[in-house]
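Coordinates as given in query-v1.txt (compact mmCIF, C-alpha atoms):
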```txt
# COMPACT_ATOMS: atom_id res chain seq x y z
CA MET A 1 112.69 148.87 96.93
CA SER A 2 110.87 149.33 100.17
CA VAL A 3 108.31 147.06 101.72
CA ALA A 4 106.45 148.42 104.68
CA VAL A 5 104.05 146.42 106.73
CA LEU A 6 101.99 147.27 109.70
CA GLU A 7 100.56 145.31 112.54
CA ALA A 8 98.48 146.93 115.24
CA LEU A 9 97.79 145.65 118.71
CA PRO A 10 94.64 147.26 120.08
CA THR A 11 94.88 145.45 123.42
CA PRO A 12 97.75 144.32 125.68
CA ASP A 13 97.74 140.80 124.30
CA PHE A 14 100.93 138.74 124.70
CA GLY A 15 99.34 135.93 122.70
CA ARG A 16 99.05 138.25 119.71
CA VAL A 17 102.70 139.28 120.16
CA ASP A 18 103.71 135.63 120.01
CA TRP A 19 101.54 135.08 116.93
CA VAL A 20 103.26 137.96 115.11
CA ARG A 21 106.72 136.80 116.20
CA GLU A 22 106.08 133.22 115.15
CA GLY A 23 104.61 134.27 111.80
CA LEU A 24 107.65 136.39 111.02
CA ALA A 25 110.06 133.63 112.07
CA ARG A 26 108.34 131.09 109.81
CA GLY A 27 107.94 133.50 106.92
CA THR A 28 104.17 132.99 106.79
CA LEU A 29 103.52 136.58 107.83
CA HIS A 30 104.64 139.14 105.23
CA PRO A 31 106.83 136.69 103.28
CA SER A 32 108.15 139.41 100.94
CA LEU A 33 109.77 141.27 103.81
CA VAL A 34 113.11 139.48 103.68
CA PRO A 35 115.01 139.51 100.37
CA ALA A 36 115.24 135.98 98.99
CA HIS A 37 118.68 136.45 97.41
CA LEU A 38 120.69 136.90 100.62
CA GLU A 39 123.59 134.52 101.11
CA VAL A 40 125.11 135.71 104.39
CA PRO A 41 123.06 135.82 106.49
CA PRO A 42 120.60 133.50 104.77
CA PRO A 43 116.95 134.56 104.59
CA GLU A 44 115.82 132.14 107.29
CA GLU A 45 118.30 133.65 109.74
CA VAL A 46 117.17 137.17 108.84
CA ARG A 47 113.57 136.14 109.45
CA GLU A 48 114.59 134.77 112.83
CA MET A 49 116.44 137.99 113.67
CA VAL A 50 113.46 140.13 112.67
CA ALA A 51 111.19 137.91 114.72
CA VAL A 52 113.38 138.35 117.80
CA VAL A 53 113.36 142.12 117.32
CA CYS A 54 109.61 142.36 116.84
CA GLY A 55 108.86 139.99 119.69
CA GLU A 56 111.03 141.87 122.16
CA LEU A 57 109.90 145.35 121.13
CA LEU A 58 106.22 144.39 121.14
CA GLU A 59 106.56 142.73 124.53
CA ASN A 60 108.11 145.91 125.92
CA ALA A 61 105.32 147.99 124.39
CA VAL A 62 102.68 145.74 125.93
CA LYS A 63 104.39 145.77 129.33
CA TYR A 64 105.28 149.44 129.58
CA GLY A 65 102.87 151.23 127.24
CA ASP A 66 100.03 153.44 128.39
CA TRP A 67 96.88 151.51 127.49
CA THR A 68 94.54 154.10 128.99
CA THR A 69 94.72 156.24 125.82
CA GLY A 70 92.91 153.72 123.63
CA ARG A 71 95.70 153.88 121.04
CA SER A 72 97.05 150.68 119.52
CA VAL A 73 100.67 149.62 119.58
CA GLU A 74 102.01 149.95 116.05
CA LEU A 75 104.60 147.75 114.38
CA ARG A 76 106.13 148.98 111.16
CA ILE A 77 108.79 147.17 109.18
CA ALA A 78 110.47 148.54 106.10
CA ARG A 79 113.37 147.87 103.80
CA GLU A 80 115.20 151.16 103.38
CA ALA A 81 118.01 151.92 100.95
CA ARG A 82 121.37 153.03 102.32
CA PRO A 83 123.66 155.55 100.59
CA ASP A 84 126.23 152.79 100.00
CA GLY A 85 123.75 150.84 97.88
CA GLY A 86 122.89 148.30 100.55
CA GLU A 87 119.64 147.97 102.40
CA ASP A 88 118.55 148.18 106.02
CA LEU A 89 115.66 146.27 107.48
CA VAL A 90 114.10 148.68 109.91
CA VAL A 91 111.64 147.74 112.63
CA ARG A 92 109.77 150.49 114.42
CA VAL A 93 107.40 149.92 117.30
CA GLY A 94 105.35 152.86 118.51
CA ASN A 95 103.15 153.05 121.57
CA ALA A 96 101.55 155.57 123.87
CA VAL A 97 103.44 156.35 127.08
CA ARG A 98 103.13 158.64 130.02
CA PRO A 99 106.09 160.97 129.45
CA ASP A 100 106.90 161.01 133.16
CA ASP A 101 106.83 157.20 133.42
CA PRO A 102 110.10 155.96 134.98
CA ALA A 103 110.06 153.12 132.43
CA VAL A 104 110.63 155.68 129.64
CA ARG A 105 113.64 157.15 131.44
CA GLU A 106 114.98 153.65 132.04
CA LEU A 107 114.56 152.79 128.37
CA LEU A 108 116.49 155.87 127.26
CA ALA A 109 119.21 155.11 129.83
CA SER A 110 119.39 151.46 128.71
CA VAL A 111 119.92 152.39 125.08
CA ALA A 112 122.58 154.95 126.04
CA TRP A 113 124.30 152.37 128.26
CA LEU A 114 124.23 149.77 125.50
CA ARG A 115 125.83 152.18 123.02
CA ALA A 116 128.63 152.85 125.49
CA GLN A 117 129.58 149.19 125.89
CA GLU A 118 132.52 147.56 124.16
CA SER A 119 130.27 145.28 122.11
CA PRO A 120 126.72 143.86 122.19
CA LEU A 121 128.15 140.53 123.40
CA ALA A 122 129.99 142.25 126.26
CA ALA A 123 126.81 144.07 127.23
CA TYR A 124 124.75 140.87 127.08
CA GLN A 125 127.26 138.96 129.20
CA GLN A 126 127.39 141.79 131.72
CA ARG A 127 123.64 141.46 132.14
CA VAL A 128 123.93 137.65 132.44
CA LEU A 129 126.41 138.09 135.29
CA SER A 130 124.17 140.66 136.91
CA ILE A 131 121.16 138.31 136.77
CA ALA A 132 123.23 135.44 138.17
CA ALA A 133 124.51 137.57 141.07
CA ALA A 134 121.22 139.20 142.05
CA THR A 135 119.88 138.47 145.53
CA PRO A 136 116.94 138.13 145.74
CA PRO A 137 116.52 136.87 142.17
CA VAL A 138 115.45 139.52 139.67
CA THR A 139 111.92 139.25 138.31
CA GLU A 140 112.46 141.40 135.21
CA SER A 141 114.97 140.15 132.67
CA ARG A 142 115.90 143.44 131.00
CA LEU A 143 117.46 141.27 128.31
CA GLY A 144 115.15 142.31 125.48
CA LEU A 145 117.11 145.23 124.07
CA LEU A 146 120.35 143.31 124.58
CA ARG A 147 119.02 140.39 122.56
CA ILE A 148 118.08 142.80 119.78
CA ALA A 149 121.61 144.21 119.72
CA TYR A 150 123.46 140.92 120.23
CA GLU A 151 121.35 138.16 118.69
CA ALA A 152 119.75 140.24 115.94
CA GLU A 153 122.80 142.48 115.31
CA CYS A 154 120.69 145.64 115.24
CA SER A 155 121.50 149.20 116.15
CA LEU A 156 118.87 150.80 118.35
CA GLY A 157 117.26 154.22 118.42
CA VAL A 158 114.58 155.76 120.62
CA GLU A 159 112.40 158.80 120.03
CA VAL A 160 109.83 160.27 122.41
CA GLN A 161 107.39 162.86 121.07
CA GLY A 162 104.92 163.90 123.70
CA ASP A 163 103.06 160.78 124.73
CA TRP A 164 104.25 158.67 121.78
CA LEU A 165 107.35 156.49 121.99
CA VAL A 166 109.03 154.91 119.00
CA VAL A 167 111.83 152.36 119.36
CA GLU A 168 113.74 151.60 116.18
CA ALA A 169 115.96 148.60 115.44
CA ARG A 170 118.03 148.70 112.27
CA LEU A 171 119.60 145.62 110.69
CA ALA A 172 122.11 146.16 107.90
CA LEU A 173 121.62 143.73 105.01
CA PRO A 174 124.58 143.00 102.73
CA MET B 1 110.51 113.73 139.44
CA HIS B 2 107.98 114.09 136.64
CA ASP B 3 107.62 115.67 133.22
CA LEU B 4 106.42 119.25 132.95
CA ALA B 5 103.85 120.53 130.45
CA GLU B 6 103.04 124.21 130.53
CA GLY B 7 101.48 125.98 127.57
CA ASP B 8 103.65 125.37 124.51
CA LEU B 9 106.55 124.14 126.63
CA ALA B 10 107.25 120.57 127.70
CA ILE B 11 110.18 119.29 129.74
CA ARG B 12 110.79 115.57 129.74
CA GLN B 13 112.89 114.11 132.51
CA ARG B 14 114.97 110.95 132.40
CA SER B 15 117.18 109.52 135.11
CA VAL B 16 120.28 107.58 134.12
CA THR B 17 121.61 105.49 136.96
CA GLY B 18 125.02 103.90 137.32
CA ALA B 19 128.48 104.99 138.32
CA ALA B 20 127.90 108.47 136.92
CA PRO B 21 124.20 109.20 137.41
CA VAL B 22 122.57 111.86 135.27
CA LEU B 23 119.22 113.63 135.52
CA GLU B 24 118.30 114.75 132.01
CA LEU B 25 115.76 117.51 131.41
CA THR B 26 114.87 117.76 127.72
CA TRP B 27 113.11 120.97 126.67
CA LEU B 28 110.61 120.85 123.82
CA GLY B 29 108.41 123.42 122.12
CA ARG B 30 108.45 127.09 122.97
CA SER B 31 108.71 128.94 126.28
CA VAL B 32 106.89 132.27 126.03
CA ASP B 33 105.33 132.62 129.48
CA GLN B 34 105.77 136.13 130.89
CA GLN B 35 106.26 134.76 134.44
CA PRO B 36 108.06 131.47 133.82
CA ARG B 37 109.53 131.32 137.34
CA GLU B 38 106.09 130.64 138.78
CA LYS B 39 105.96 127.24 137.10
CA LEU B 40 109.62 126.54 136.38
CA GLY B 41 110.90 127.61 139.81
CA PRO B 42 109.28 124.76 141.80
CA TYR B 43 110.20 122.30 139.04
CA PHE B 44 113.82 123.41 139.12
CA GLN B 45 113.89 123.11 142.92
CA GLN B 46 112.65 119.56 142.66
CA ALA B 47 115.27 118.72 140.04
CA LEU B 48 118.05 120.19 142.16
CA ALA B 49 116.91 118.29 145.25
CA GLU B 50 116.78 115.01 143.34
CA ALA B 51 120.15 115.57 141.69
CA GLN B 52 121.70 116.36 145.07
CA GLU B 53 120.18 113.28 146.67
CA ASP B 54 121.32 110.99 143.85
CA ARG B 55 124.66 112.78 143.46
CA ALA B 56 123.70 113.14 139.81
CA ARG B 57 124.80 115.55 137.11
CA LEU B 58 122.01 117.67 135.71
CA GLU B 59 121.84 117.82 131.92
CA LEU B 60 119.64 120.48 130.33
CA HIS B 61 118.94 119.58 126.70
CA PHE B 62 117.80 122.55 124.66
CA GLU B 63 118.64 121.27 121.19
CA ARG B 64 115.00 120.56 120.28
CA LEU B 65 113.63 123.75 121.79
CA GLU B 66 112.21 126.16 119.20
CA HIS B 67 112.12 129.47 121.04
CA VAL B 68 112.56 131.05 124.46
CA ASN B 69 111.65 134.54 125.55
CA SER B 70 113.90 136.75 127.65
CA SER B 71 112.05 135.90 130.86
CA THR B 72 112.82 132.22 130.36
CA ILE B 73 116.49 132.94 129.65
CA THR B 74 116.56 134.77 132.97
CA ALA B 75 115.03 131.77 134.75
CA ILE B 76 117.60 129.46 133.14
CA ILE B 77 120.47 131.71 134.25
CA GLN B 78 119.10 131.67 137.80
CA PHE B 79 118.73 127.88 137.69
CA ILE B 80 122.34 127.44 136.56
CA GLN B 81 123.54 129.78 139.28
CA GLU B 82 121.60 127.93 141.96
CA ALA B 83 122.97 124.58 140.77
CA LYS B 84 126.48 125.98 141.01
CA SER B 85 125.91 127.37 144.49
CA ARG B 86 124.51 123.99 145.62
CA LYS B 87 127.48 122.25 143.99
CA VAL B 88 125.30 120.25 141.60
CA PRO B 89 127.27 119.77 138.37
CA ILE B 90 125.24 120.96 135.39
CA THR B 91 125.63 120.56 131.63
CA VAL B 92 123.83 122.69 129.05
CA VAL B 93 123.45 121.01 125.65
CA PHE B 94 122.44 123.07 122.62
CA ASP B 95 122.38 122.97 118.83
CA PRO B 96 124.83 125.48 117.31
CA ALA B 97 123.14 125.09 113.92
CA ARG B 98 120.27 127.10 115.35
CA ARG B 99 121.41 130.68 115.42
CA TRP B 100 119.47 131.72 118.51
CA GLN B 101 120.72 128.72 120.46
CA ARG B 102 124.33 129.26 119.42
CA LEU B 103 124.27 132.91 120.46
CA SER B 104 122.17 132.57 123.61
CA PHE B 105 124.04 129.63 125.08
CA GLU B 106 127.57 130.54 123.95
CA ALA B 107 127.09 133.81 125.83
CA LEU B 108 126.55 131.79 129.01
CA ARG B 109 130.23 130.84 128.94
CA VAL B 110 130.65 133.92 131.10
CA LEU B 111 129.19 131.74 133.91
CA SER B 112 131.66 128.90 133.28
CA GLY B 113 133.31 127.14 136.20
CA GLY B 114 131.82 125.78 139.39
CA GLY B 115 130.53 122.65 137.68
CA LEU B 116 128.93 124.27 134.61
CA GLU B 117 129.69 122.68 131.26
CA LEU B 118 128.36 124.01 127.94
CA ARG B 119 128.22 121.43 125.18
CA SER B 120 127.28 122.04 121.56
CA LEU B 121 126.17 119.09 119.44
```

Before we go any further, please render this structure as structure tokens.
Amino acid sequence: MSVAVLEALPTPDFGRVDWVREGLARGTLHPSLVPAHLEVPPPEEVREMVAVVCGELLENAVKYGDWTTGRSVELRIAREARPDGGEDLVVRVGNAVRPDDPAVRELLASVAWLRAQESPLAAYQQRVLSIAAATPPVTESRLGLLRIAYEAECSLGVEVQGDWLVVEARLALP
Amino acid sequence: MHDLAEGDLAIRQRSVTGAAPVLELTWLGRSVDQQPREKLGPYFQQALAEAQEDRARLELHFERLEHVNSSTITAIIQFIQEAKSRKVPITVVFDPARRWQRLSFEALRVLSGGGLELRSL
């Protein structure tokens, strides 16, 4: 079974991002997205994890996307079957970018760095230490992808095709 | 010291006097501001100054907080670090039954020492 949903953000609106995140966390938005039969993790925790993922990815898209193209940010969520019989919940956020934007290079480097770390917790704590030690204080958290990997237990993927960026977060369901 | 109300976030302050004074800051609601340091920074500075003057322990109560964004987590990390550097003892209280609180605040154990205590309910 696969359930795919789509939200589109036509403008860089953080309020709308929060509305989507909150709706997913409470289960009022697309309630059929999370299987009701899960025991570990329970459905409410899965909803919370999906909400964290969507919130962070949409925030990044709003912050770093290219809004001059007139294209909306797209959020897609699907349940996809795995070969072992289980299911993955897959979140994909797509947005227009300028291919030469340093933020795109930094995103690719961040995902590569995260994959090379001992664990998502170790990566998260490394960033916590880095924030604590920074002088002057950092203004950008750069915690979003780390929260997705650590708090939401997702694997991350990035694909850039021309001026379109897709970031994928994949959560394995039991 | 006063309470703070900013968007969906409220912080209520309470001073406990006595032999072991405490300045409690109880966080309520949701913190989703993209630039939280603009409002929280001056508030934190005031709290640190008052705690230093009263030789009080700062207690940050997050157990009733519903959600924080990454920018707010960054501001909290910076607040904890500044309290440590100014030798103001600080306690972070959270609810481990809430998954995001358990994971977010347990990870802050990497900052332990220098007067920081993490306490789960």

Non-local contacts of region 36-53 of chain B (7 Å; all atoms listed in the file; under 2 positions in same chain excluded) as a PyMOL selection string: chain B and resi 1+23+33-34+55-58+71-72+75+79+83+88

Determine, for each residue of chain B having at least one atom at most 9 Å from an atom of chain A, the closest pair of atoms and their separation in Å to one decimal, counting only C-alpha atoms; order by chain and ascending number, as a tab-separated table.
```
residue	atom	partner	partner_atom	distance
B:Val32	CA	A:Asp18	CA	7.6
B:Asp33	CA	A:Phe14	CA	8.9
B:Gln34	CA	A:Phe14	CA	8.3
B:Gln35	CA	A:Thr139	CA	8.2
B:Arg37	CA	A:Thr139	CA	8.3
B:Asn69	CA	A:Glu56	CA	8.1
B:Ser70	CA	A:Leu143	CA	5.8
B:Ser71	CA	A:Ser141	CA	5.5
B:Thr72	CA	A:Ser141	CA	8.5
B:Ile73	CA	A:Ser141	CA	8.0
B:Thr74	CA	A:Ser141	CA	5.6
B:Ala75	CA	A:Ser141	CA	8.6
B:Ile77	CA	A:Ala132	CA	6.1
B:Gln78	CA	A:Ala132	CA	5.6
B:Phe79	CA	A:Ala132	CA	8.8
B:Ile80	CA	A:Ala132	CA	8.2
B:Gln81	CA	A:Ala132	CA	5.8
B:Glu82	CA	A:Ala132	CA	8.6
B:Arg98	CA	A:Glu45	CA	8.8
B:Arg99	CA	A:Glu45	CA	7.1
B:Trp100	CA	A:Glu151	CA	6.7
B:Leu103	CA	A:Glu151	CA	6.3
B:Ser104	CA	A:Glu151	CA	7.5
B:Ala107	CA	A:Gln125	CA	6.2
B:Leu108	CA	A:Gln125	CA	7.2
B:Arg109	CA	A:Gln125	CA	8.7
B:Val110	CA	A:Gln125	CA	6.4
B:Leu111	CA	A:Leu129	CA	7.1
```

Residue list as a PyMOL selection string for point (114.6, 118.8, 130.7), cut-off 12 Å, all atoms listed in the file: chain B and resi 1-5+9-15+22-29+40+43-44+47+58-65+76+90-93

Distance of CA of His67 (chain B) from CA of Leu121 (chain B), expressed in Å to one decimal place: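 The value is 17.5 Å.
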
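One finds CA of Leu165 (chain A) at 10.3 Å from CA of Leu107 (chain A).
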
Test item: which residues lie within 7 Å of (126.4, 140.5, 101.4) counting all atoms listed in the file, as a list of chain:residue names: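 Output: A:Leu38, A:Glu39, A:Val40, A:Leu173, A:Pro174.
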
Contact residues around Leu108 (chain A) with only C-alpha atoms at 12 Å, ignoring same-chain residues under 2 positions, as a PyMOL selection string: chain A and resi 99+101-106+110-115+145+156-160+165-167

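For Glu7 (chain A), the set of protein, DNA and RNA residues having any atom at most 8 Å away, when counting all atoms listed in the file and skipping those fewer than 3 positions along the same chain, is Glu74, Leu75 and Arg76 of chain A.
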
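Relative to CA of Arg26 (chain A), CA of Ala51 (chain A) is found at 8.9 Å.
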
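Remark: for Glu6 (chain B), the closest of the candidate residues B:Lys84, B:Pro21, B:Arg119, B:Ser31 is B:Ser31 (distances computed over only C-alpha atoms).
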